[in-house]
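Engineer: Have a look at this one.
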Amino acid sequence: LDDLLSEGVSGRRVLVRADLNVPLDGDRITDDGRVRASVPTIKALVDAGARVLVAAHLGRPKGEPDPEFSLAPVAVRLGELLGTPVEIGTGTAGDGTVVLLENIRFDARETSKDDAERAALADELAAKADAFVSDGFGVVHRKQASVYDVAKKLPHYAGRLVLAEVEVLRKLTDDLQRPYVVALGGSKVSDKLGVIKNLLTKVDRLLIGGGMAYTFLKAQGHEVGGSLLQEDQVEQVAGFLEEAEERGVELVLPVDVLAAADFAPDAEHEVVATDAIPADRQGLDIGPATRELFASKLADAKTVFWNGPMGVFEFEAFAGGTRAVAEALVKSDAFTVVGGGDSAAAVRALGLPEDGFSHISTGGGASLEFLEGKELPGVKVLED
Ligand code: 3PG
């Protein structure tokens, strides 16, 4: 971005790809972290007199306009944060103003697997601008028209967020201080199989909590009652348990959980050991002994990466596990990185200080794929 600014952007049309994919409750943004993270780049361009056009997506609409996925509430919030009105539409921005294009995924070509279809949309986008700034770190792992293809059509630059994220995450891959501890949670073990396999070659300790822990517990031979379980992943996960042992990686699983009668904020629940989860109960959070265990395993770490909540933190009764892990990171002197929309949202929802962490990544899939050592198309295209 500094290169572009030093060339002078006054009156030039600059297309910025941002990741404004925020959680919404109706029209209300429940966590505006990604909108705030996109401000420094856009503001620098506006202040320098550029005509800024922002492209972004929201959710996964089916390639056609759908009011449920409109970026209109995001335009309002972005305008408030920038202190300048943000129009939503298809047009071109005027001097020093900002236009946010409506959800780019309303156009099926954005996410098409067909290179020619994506290139056609990229051509249309490129015709609206003189330069392209890639700043949507959360989406750089997607080979999509407004992330990847458009960079081939215009002079392209990394925005402040993309640069900052890549620099921090490189420390986790290139300049690592040990012990390196990774805490993984969240619900979908299948999304994280690749990263777990790769992490087993890198970490000293791997803590597994959240919904994905039950697939690990099952692979260890425990019954998990009505807890979330990905039956088809049990075999592969059993292989991970063996591999961890062979490699001398300490794989730490919950020893107790909060077992609830149903999935509800006020569900009746009790603390049970993980080898005694009743058939009619489901685990919705890690239990108190596990919270202590995980905190002790984080205490001497020099580097920590945490992705995924430890329980259903949206329900106050089941937020304790996530809070305990987040607090252990805040207390730690290690280099601590939080990755993933849900974990970052949890940090803010639980009222923890954002400056208690070395870095809170705006990327979920993107930060995980980075740690997996995968090439991120939206970063690679800038380097090329
Ligand atoms: C995210 O939320 O991780 C990014 O915005 C990417 O969204 P996607 O997973 O729908 O591509």
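A note on labels: chains of the structure tokens are A, B, ... as shown, every chain counts residues from 1, and ligands are counted from 1 in their shown order.
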Counting only C-alpha atoms, which residues of segment 295-378 of chain A sit at most 9 Å from some atom of segment 204-225 of chain A, and what is each one's closest atom pair with its distance in Å to one decimal, listed by chain and rising residue number, as a Markdown table?
Structural biologist:
```
| residue | atom | partner | partner_atom | distance |
| --- | --- | --- | --- | --- |
| A:Lys297 | CA | A:Arg205 | CA | 7.9 |
| A:Leu298 | CA | A:Arg205 | CA | 9.0 |
| A:Gly308 | CA | A:Gly210 | CA | 7.2 |
| A:Pro309 | CA | A:Gly210 | CA | 5.9 |
| A:Met310 | CA | A:Gly210 | CA | 3.8 |
| A:Gly311 | CA | A:Gly210 | CA | 4.7 |
| A:Val312 | CA | A:Gly210 | CA | 7.8 |
| A:Gly321 | CA | A:Gly210 | CA | 8.6 |
| A:Thr322 | CA | A:Gly210 | CA | 8.5 |
```
Engineer: Applying 8 Å and only C-alpha atoms, which residues near Val54 of chain A remain after dropping the ones on its own chain fewer than 2 positions away? List them as JSON, numbers by chain.
Structural biologist: {"A": [15, 16, 17, 18, 52, 56, 98, 99, 100, 101]}
Engineer: Kindly assemble as CSV a list of the chain A residues that lie within 10 Å of ligand 1, each paired with its nearest atom pair and their distance in Å to one decimal, using only C-alpha atoms and all ligand atoms, sorted first by chain and then by ascending residue number.
Structural biologist:
```
residue,atom,partner,partner_atom_place_in_ligand_line,distance
A:Ala18,CA,ligand 1,5 (O),9.2
A:Asp19,CA,ligand 1,5 (O),5.6
A:Leu20,CA,ligand 1,5 (O),7.0
A:Asn21,CA,ligand 1,5 (O),4.8
A:Val22,CA,ligand 1,2 (O),7.5
A:Pro23,CA,ligand 1,2 (O),9.0
A:Arg34,CA,ligand 1,5 (O),9.1
A:Ala56,CA,ligand 1,5 (O),8.7
A:His57,CA,ligand 1,5 (O),7.2
A:Leu58,CA,ligand 1,5 (O),7.2
A:Gly59,CA,ligand 1,10 (O),5.5
A:Arg60,CA,ligand 1,10 (O),5.5
A:Pro61,CA,ligand 1,10 (O),9.2
A:Arg105,CA,ligand 1,10 (O),9.5
A:Thr111,CA,ligand 1,11 (O),8.8
A:Gly136,CA,ligand 1,5 (O),8.1
A:Phe137,CA,ligand 1,4 (C),8.3
A:Gly138,CA,ligand 1,4 (C),4.7
A:Val139,CA,ligand 1,6 (C),4.6
A:Val140,CA,ligand 1,6 (C),8.2
A:His141,CA,ligand 1,11 (O),8.0
A:Arg142,CA,ligand 1,11 (O),6.3
A:Lys143,CA,ligand 1,11 (O),9.5
A:Gln144,CA,ligand 1,11 (O),9.1
A:Gly340,CA,ligand 1,3 (O),7.1
A:Gly341,CA,ligand 1,2 (O),6.5
A:Asp342,CA,ligand 1,2 (O),9.2
A:Thr362,CA,ligand 1,3 (O),8.1
A:Gly363,CA,ligand 1,3 (O),5.8
A:Gly364,CA,ligand 1,3 (O),4.6
A:Gly365,CA,ligand 1,3 (O),5.1
A:Ala366,CA,ligand 1,3 (O),6.7
A:Ser367,CA,ligand 1,3 (O),9.0
A:Leu368,CA,ligand 1,3 (O),9.9
```
Engineer: Those residues you just picked out, can you put them in a file as a tab-separated table (two decimals), in the first residue's frame with C-alpha atoms?
Structural biologist:
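Resulting contents of part32.tsv:
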```
chain	number	residue	atom	x	y	z
A	18	ALA	CA	-11.80	-6.48	1.99
A	19	ASP	CA	-13.14	-9.31	4.14
A	20	LEU	CA	-16.30	-7.85	5.64
A	21	ASN	CA	-17.87	-11.24	6.30
A	22	VAL	CA	-19.21	-10.46	9.77
A	23	PRO	CA	-21.79	-12.27	11.90
A	34	ARG	CA	-13.42	-7.46	10.44
A	56	ALA	CA	-16.45	-7.94	-0.30
A	57	HIS	CA	-18.65	-10.94	0.35
A	58	LEU	CA	-21.07	-11.88	3.09
A	59	GLY	CA	-21.87	-15.50	3.82
A	60	ARG	CA	-22.41	-18.01	1.07
A	61	PRO	CA	-25.36	-16.89	-1.10
A	105	ARG	CA	-20.97	-13.53	-4.31
A	111	THR	CA	-16.66	-18.45	-6.85
A	136	GLY	CA	-9.22	-9.25	2.70
A	137	PHE	CA	-6.90	-11.55	4.59
A	138	GLY	CA	-9.75	-13.80	5.71
A	139	VAL	CA	-10.45	-14.75	2.11
A	140	VAL	CA	-6.92	-15.01	0.59
A	141	HIS	CA	-7.17	-18.81	0.71
A	142	ARG	CA	-9.95	-18.63	-1.90
A	143	LYS	CA	-9.10	-18.64	-5.60
A	144	GLN	CA	-11.97	-16.29	-6.42
A	340	GLY	CA	-10.53	-17.60	13.34
A	341	GLY	CA	-13.67	-15.55	13.31
A	342	ASP	CA	-15.33	-17.48	16.16
A	362	THR	CA	-9.13	-11.91	11.08
A	363	GLY	CA	-8.63	-15.14	9.16
A	364	GLY	CA	-10.29	-18.42	10.04
A	365	GLY	CA	-9.67	-20.82	7.17
A	366	ALA	CA	-6.97	-18.49	5.85
A	367	SER	CA	-4.86	-18.57	9.00
A	368	LEU	CA	-5.26	-22.34	9.35
```
Engineer: Write out as a list in words each polymer residue whose atoms come within 7 Å of Val162 of chain A, counting only C-alpha atoms; drop sequence neighbours fewer than 2 positions from it.
Structural biologist: Asp135, Gly136, Phe137, Ala158, Gly159, Arg160, Ala164, Glu165 and Val166 of chain A
Engineer: May I have the residues within 12 Å of Leu163 of chain A as an NGL selection string, using only C-alpha atoms and disregarding those fewer than 4 positions away in the same chain?
Structural biologist: :A and (1-2 or 40-41 or 133-137 or 140 or 157-159 or 167-170 or 361 or 378-379 or 382-383)
Engineer: Only N, CA and C atoms, please: the residues just picked out, written as a PDB file, in the first residue's frame.
Structural biologist:
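Everything below was put into again-v2.pdb:
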```
ATOM      1  N   LEU A   1       0.828  -1.198   0.000  1.00  0.00           N
ATOM      2  CA  LEU A   1       0.000   0.000   0.000  1.00  0.00           C
ATOM      3  C   LEU A   1       0.867   1.255   0.000  1.00  0.00           C
ATOM      4  N   ASP A   2       1.965   1.217   0.757  1.00  0.00           N
ATOM      5  CA  ASP A   2       2.843   2.401   0.783  1.00  0.00           C
ATOM      6  C   ASP A   2       3.404   2.694  -0.603  1.00  0.00           C
ATOM      7  N   PRO A  40      -7.920   0.797   8.341  1.00  0.00           N
ATOM      8  CA  PRO A  40      -6.659   1.511   8.074  1.00  0.00           C
ATOM      9  C   PRO A  40      -6.322   1.640   6.586  1.00  0.00           C
ATOM     10  N   THR A  41      -6.507   0.581   5.824  1.00  0.00           N
ATOM     11  CA  THR A  41      -6.171   0.645   4.394  1.00  0.00           C
ATOM     12  C   THR A  41      -7.124   1.592   3.652  1.00  0.00           C
ATOM     13  N   VAL A 133      -5.997  -3.238  -4.508  1.00  0.00           N
ATOM     14  CA  VAL A 133      -5.368  -3.464  -3.205  1.00  0.00           C
ATOM     15  C   VAL A 133      -6.045  -4.663  -2.545  1.00  0.00           C
ATOM     16  N   SER A 134      -5.252  -5.683  -2.268  1.00  0.00           N
ATOM     17  CA  SER A 134      -5.790  -6.888  -1.644  1.00  0.00           C
ATOM     18  C   SER A 134      -5.670  -6.733  -0.134  1.00  0.00           C
ATOM     19  N   ASP A 135      -6.798  -6.658   0.549  1.00  0.00           N
ATOM     20  CA  ASP A 135      -6.729  -6.466   2.003  1.00  0.00           C
ATOM     21  C   ASP A 135      -7.665  -7.405   2.754  1.00  0.00           C
ATOM     22  N   GLY A 136      -8.298  -8.343   2.033  1.00  0.00           N
ATOM     23  CA  GLY A 136      -9.225  -9.254   2.698  1.00  0.00           C
ATOM     24  C   GLY A 136      -8.487 -10.506   3.148  1.00  0.00           C
ATOM     25  N   PHE A 137      -7.708 -10.390   4.214  1.00  0.00           N
ATOM     26  CA  PHE A 137      -6.896 -11.550   4.595  1.00  0.00           C
ATOM     27  C   PHE A 137      -7.738 -12.808   4.797  1.00  0.00           C
ATOM     28  N   VAL A 140      -8.040 -14.792   1.530  1.00  0.00           N
ATOM     29  CA  VAL A 140      -6.924 -15.014   0.589  1.00  0.00           C
ATOM     30  C   VAL A 140      -6.686 -16.489   0.263  1.00  0.00           C
ATOM     31  N   TYR A 157      -1.405  -4.496  -5.101  1.00  0.00           N
ATOM     32  CA  TYR A 157      -0.684  -4.125  -3.883  1.00  0.00           C
ATOM     33  C   TYR A 157      -1.299  -4.870  -2.695  1.00  0.00           C
ATOM     34  N   ALA A 158      -0.469  -5.125  -1.687  1.00  0.00           N
ATOM     35  CA  ALA A 158      -0.988  -5.715  -0.442  1.00  0.00           C
ATOM     36  C   ALA A 158      -1.430  -4.579   0.466  1.00  0.00           C
ATOM     37  N   GLY A 159      -2.620  -4.715   1.033  1.00  0.00           N
ATOM     38  CA  GLY A 159      -3.094  -3.720   1.991  1.00  0.00           C
ATOM     39  C   GLY A 159      -2.455  -3.943   3.354  1.00  0.00           C
ATOM     40  N   GLU A 167       2.894 -11.192   7.996  1.00  0.00           N
ATOM     41  CA  GLU A 167       4.124 -11.046   8.786  1.00  0.00           C
ATOM     42  C   GLU A 167       4.017 -11.781  10.112  1.00  0.00           C
ATOM     43  N   VAL A 168       2.890 -11.660  10.790  1.00  0.00           N
ATOM     44  CA  VAL A 168       2.735 -12.331  12.086  1.00  0.00           C
ATOM     45  C   VAL A 168       2.704 -13.842  11.907  1.00  0.00           C
ATOM     46  N   LEU A 169       1.908 -14.313  10.961  1.00  0.00           N
ATOM     47  CA  LEU A 169       1.768 -15.761  10.809  1.00  0.00           C
ATOM     48  C   LEU A 169       3.075 -16.402  10.334  1.00  0.00           C
ATOM     49  N   ARG A 170       3.900 -15.635   9.634  1.00  0.00           N
ATOM     50  CA  ARG A 170       5.219 -16.179   9.234  1.00  0.00           C
ATOM     51  C   ARG A 170       6.080 -16.472  10.448  1.00  0.00           C
ATOM     52  N   SER A 361      -6.000 -12.755  14.637  1.00  0.00           N
ATOM     53  CA  SER A 361      -6.120 -12.815  13.179  1.00  0.00           C
ATOM     54  C   SER A 361      -7.571 -12.684  12.751  1.00  0.00           C
ATOM     55  N   GLY A 378      -4.505 -15.876  -2.919  1.00  0.00           N
ATOM     56  CA  GLY A 378      -4.584 -14.419  -2.874  1.00  0.00           C
ATOM     57  C   GLY A 378      -3.306 -13.742  -2.420  1.00  0.00           C
ATOM     58  N   VAL A 379      -2.421 -14.494  -1.773  1.00  0.00           N
ATOM     59  CA  VAL A 379      -1.118 -13.956  -1.387  1.00  0.00           C
ATOM     60  C   VAL A 379      -0.117 -14.242  -2.505  1.00  0.00           C
ATOM     61  N   LEU A 382      -0.047 -11.891  -5.395  1.00  0.00           N
ATOM     62  CA  LEU A 382       0.604 -10.593  -5.124  1.00  0.00           C
ATOM     63  C   LEU A 382       2.120 -10.748  -5.242  1.00  0.00           C
ATOM     64  N   GLU A 383       2.621 -11.876  -4.744  1.00  0.00           N
ATOM     65  CA  GLU A 383       4.066 -12.099  -4.794  1.00  0.00           C
ATOM     66  C   GLU A 383       4.530 -12.282  -6.234  1.00  0.00           C
TER      67      GLU A 383
END
```
Engineer: Nearest to Ala37 of chain A among A:Thr92, A:Leu81, A:Pro377, A:Lys113, with distances taken over only C-alpha atoms: which residue is it?
Structural biologist: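 The answer is A:Leu81, which sits nearest to Ala37 of chain A.
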Engineer: Please provide as a PyMOL selection string all residues within 6 Å of segment 329-332 of chain A, with the sequence filter that same-chain residues fewer than 3 positions apart are discarded (counting only C-alpha atoms).
Structural biologist: chain A and resi 326+356-357
Engineer: According to DSSP computed on the backbone, where in segment 90-322 of chain A is there strand (DSSP E)? Give the residues as a ChimeraX atom specification.
Structural biologist: /A:98-101,131-134,156-158,180-184,205-208,250-252,256-260,269-273,282-286,303-307
Engineer: Find the residues around segment 259-274 of chain A up to 10 Å (only C-alpha atoms counted), leave out those fewer than 4 positions away in its own chain, and share them as a ChimeraX atom specification.
Structural biologist: /A:214,217-218,222-227,253-255,278,280-290,312-318
